[in-house]
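The data block below is final.pdb; it holds PDB, C-alpha atoms.
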ATOM      1  CA  MET A   1       2.097  22.597  21.358  1.00  0.00           C
ATOM      2  CA  GLY A   2      -1.453  22.374  22.627  1.00  0.00           C
ATOM      3  CA  GLY A   3      -3.102  22.822  19.228  1.00  0.00           C
ATOM      4  CA  ILE A   4      -5.951  20.874  17.729  1.00  0.00           C
ATOM      5  CA  ARG A   5      -4.882  18.199  15.287  1.00  0.00           C
ATOM      6  CA  LEU A   6      -6.858  17.487  12.143  1.00  0.00           C
ATOM      7  CA  SER A   7      -7.013  13.811  13.077  1.00  0.00           C
ATOM      8  CA  ASP A   8      -8.875  14.743  16.263  1.00  0.00           C
ATOM      9  CA  CYS A   9     -11.539  16.627  14.292  1.00  0.00           C
ATOM     10  CA  LEU A  10     -12.246  13.993  11.634  1.00  0.00           C
ATOM     11  CA  PRO A  11     -13.433  10.664  13.041  1.00  0.00           C
ATOM     12  CA  ILE A  12     -12.585   7.993  10.497  1.00  0.00           C
ATOM     13  CA  GLN A  13     -13.763   4.420  10.891  1.00  0.00           C
ATOM     14  CA  CYS A  14     -11.658   1.470   9.768  1.00  0.00           C
ATOM     15  CA  HIS A  15     -13.792   0.856   6.675  1.00  0.00           C
ATOM     16  CA  GLN A  16     -13.080   4.410   5.442  1.00  0.00           C
ATOM     17  CA  GLN A  17      -9.282   4.150   5.623  1.00  0.00           C
ATOM     18  CA  VAL A  18      -6.913   3.120   2.864  1.00  0.00           C
ATOM     19  CA  LEU A  19      -5.611  -0.457   2.990  1.00  0.00           C
ATOM     20  CA  THR A  20      -2.216   0.285   4.527  1.00  0.00           C
ATOM     21  CA  VAL A  21      -3.495   2.562   7.298  1.00  0.00           C
ATOM     22  CA  GLY A  22      -6.537   0.409   8.028  1.00  0.00           C
ATOM     23  CA  THR A  23      -4.358  -2.683   8.322  1.00  0.00           C
ATOM     24  CA  VAL A  24      -2.057  -1.096  10.856  1.00  0.00           C
ATOM     25  CA  THR A  25      -4.793   0.450  12.987  1.00  0.00           C
ATOM     26  CA  SER A  26      -7.122  -2.533  13.076  1.00  0.00           C
ATOM     27  CA  LEU A  27      -4.716  -5.482  13.177  1.00  0.00           C
ATOM     28  CA  ILE A  28      -2.060  -4.210  15.581  1.00  0.00           C
ATOM     29  CA  LYS A  29      -3.234  -3.578  19.118  1.00  0.00           C
ATOM     30  CA  ALA A  30      -0.463  -2.714  21.614  1.00  0.00           C
ATOM     31  CA  ASP A  31       1.845  -5.763  21.566  1.00  0.00           C
ATOM     32  CA  VAL A  32      -0.583  -8.147  19.862  1.00  0.00           C
ATOM     33  CA  TYR A  33       0.028  -8.677  16.163  1.00  0.00           C
ATOM     34  CA  LYS A  34      -2.400 -10.667  14.043  1.00  0.00           C
ATOM     35  CA  TRP A  35       0.251 -12.002  11.673  1.00  0.00           C
ATOM     36  CA  GLY A  36      -2.062 -14.073   9.491  1.00  0.00           C
ATOM     37  CA  MET A  37      -4.321 -11.128   8.726  1.00  0.00           C
ATOM     38  CA  LEU A  38      -1.322  -8.801   8.259  1.00  0.00           C
ATOM     39  CA  MET A  39       0.234 -11.121   5.689  1.00  0.00           C
ATOM     40  CA  ALA A  40      -3.102 -11.556   3.904  1.00  0.00           C
ATOM     41  CA  GLY A  41      -3.442  -7.768   3.692  1.00  0.00           C
ATOM     42  CA  ALA A  42       0.108  -7.463   2.374  1.00  0.00           C
ATOM     43  CA  LEU A  43      -0.647 -10.039  -0.316  1.00  0.00           C
ATOM     44  CA  VAL A  44      -3.846  -8.247  -1.345  1.00  0.00           C
ATOM     45  CA  ALA A  45      -2.010  -4.910  -1.491  1.00  0.00           C
ATOM     46  CA  ALA A  46       0.941  -6.300  -3.481  1.00  0.00           C
ATOM     47  CA  ALA A  47      -1.004  -8.412  -5.992  1.00  0.00           C
ATOM     48  CA  PRO A  48      -2.377  -5.702  -8.360  1.00  0.00           C
ATOM     49  CA  PRO A  49       0.998  -4.022  -9.117  1.00  0.00           C
ATOM     50  CA  LEU A  50       2.612  -7.412  -9.681  1.00  0.00           C
ATOM     51  CA  ILE A  51      -0.142  -8.526 -12.046  1.00  0.00           C
ATOM     52  CA  ILE A  52       0.005  -5.259 -13.997  1.00  0.00           C
ATOM     53  CA  TYR A  53       3.801  -5.505 -14.224  1.00  0.00           C
ATOM     54  CA  ALA A  54       3.595  -9.095 -15.486  1.00  0.00           C
ATOM     55  CA  PHE A  55       1.330  -8.090 -18.371  1.00  0.00           C
ATOM     56  CA  LEU A  56       3.168  -4.887 -19.271  1.00  0.00           C
ATOM     57  CA  MET A  57       6.747  -6.094 -18.735  1.00  0.00           C
ATOM     58  CA  ASP A  58       7.598  -6.008 -22.463  1.00  0.00           C
ATOM     59  CA  TYR A  59       6.638  -2.330 -22.710  1.00  0.00           C
ATOM     60  CA  TYR A  60       8.560  -1.527 -19.538  1.00  0.00           C
ATOM     61  CA  ILE A  61      11.754  -3.190 -20.812  1.00  0.00           C
ATOM     62  CA  ALA A  62      11.336  -1.590 -24.255  1.00  0.00           C
ATOM     63  CA  GLY A  63      11.083   1.845 -22.651  1.00  0.00           C
ATOM     64  CA  LEU A  64      14.180   1.252 -20.558  1.00  0.00           C
ATOM     65  CA  THR A  65      16.268   0.079 -23.477  1.00  0.00           C
ATOM     66  CA  ALA A  66      14.970   2.733 -25.916  1.00  0.00           C
ATOM     67  CA  GLY A  67      16.485   5.477 -23.822  1.00  0.00           C
ATOM     68  CA  ALA A  68      19.830   3.696 -23.585  1.00  0.00           C
ATOM     69  CA  THR A  69      20.642   3.665 -27.299  1.00  0.00           C
ATOM     70  CA  LYS A  70      22.406   6.391 -29.260  1.00  0.00           C
ATOM     71  CA  GLY A  71      21.191   7.766 -32.519  1.00  0.00           C
TER      72      GLY A  71
END
Kindly return the structure encoded in the file as structure tokens.
Amino acid sequence: MGGIRLSDCLPIQCHQQVLTVGTVTSLIKADVYKWGMLMAGALVAAAPPLIIYAFLMDYYIAGLTAGATKG
């Protein structure tokens, strides 16, 4: 369309990007994938939700089953 994109106006370095976007832009260059670093980034990104779920699992299950009962 010939317009100016917002991404062209805002230069963002890798250290200013969120984890998922920064991982893709810095660790994948053309056909070269840095699999070790990609998997390490995936582990770092997935660890906090899993840890929070492990500690709050009882409340999560209680909320699911509370809505399933009549009366």
Next on the checklist: For this structure, which residues satisfy the selection - the PyMOL selection byres ((chain A and resi 18-31) around 12) - when it is evaluated on the file as given? I want them as a ChimeraX atom specification.
Outcome noted: /A:12-17,32-46
Dump as an mmCIF file, keeping the file's coordinate frame, selection limited to C-alpha atoms:
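Listing of out_5.cif after writing:
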data_model
loop_
_atom_site.group_PDB
_atom_site.id
_atom_site.type_symbol
_atom_site.label_atom_id
_atom_site.label_comp_id
_atom_site.auth_asym_id
_atom_site.auth_seq_id
_atom_site.Cartn_x
_atom_site.Cartn_y
_atom_site.Cartn_z
ATOM 1 C CA ILE A 12 -12.585 7.993 10.497
ATOM 2 C CA GLN A 13 -13.763 4.420 10.891
ATOM 3 C CA CYS A 14 -11.658 1.470 9.768
ATOM 4 C CA HIS A 15 -13.792 0.856 6.675
ATOM 5 C CA GLN A 16 -13.080 4.410 5.442
ATOM 6 C CA GLN A 17 -9.282 4.150 5.623
ATOM 7 C CA VAL A 32 -0.583 -8.147 19.862
ATOM 8 C CA TYR A 33 0.028 -8.677 16.163
ATOM 9 C CA LYS A 34 -2.400 -10.667 14.043
ATOM 10 C CA TRP A 35 0.251 -12.002 11.673
ATOM 11 C CA GLY A 36 -2.062 -14.073 9.491
ATOM 12 C CA MET A 37 -4.321 -11.128 8.726
ATOM 13 C CA LEU A 38 -1.322 -8.801 8.259
ATOM 14 C CA MET A 39 0.234 -11.121 5.689
ATOM 15 C CA ALA A 40 -3.102 -11.556 3.904
ATOM 16 C CA GLY A 41 -3.442 -7.768 3.692
ATOM 17 C CA ALA A 42 0.108 -7.463 2.374
ATOM 18 C CA LEU A 43 -0.647 -10.039 -0.316
ATOM 19 C CA VAL A 44 -3.846 -8.247 -1.345
ATOM 20 C CA ALA A 45 -2.010 -4.910 -1.491
ATOM 21 C CA ALA A 46 0.941 -6.300 -3.481
#
Taking all atoms of range 32-41 of chain A that the file lists and extending 6 Å past them on each side, where is the centre of the axis-aligned box and how long are its edges? Answer in Å to one decimal, as lines of an AutoDock Vina configuration file.
center_x = -2.0
center_y = -10.9
center_z = 11.8
size_x = 16.6
size_y = 18.3
size_z = 28.2
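One finds CA of Ala68 in chain A at 20.7 Å from CA of Tyr53 in chain A.
Going from CA of Pro48 in chain A to CA of Gly67 in chain A covers 26.8 Å.
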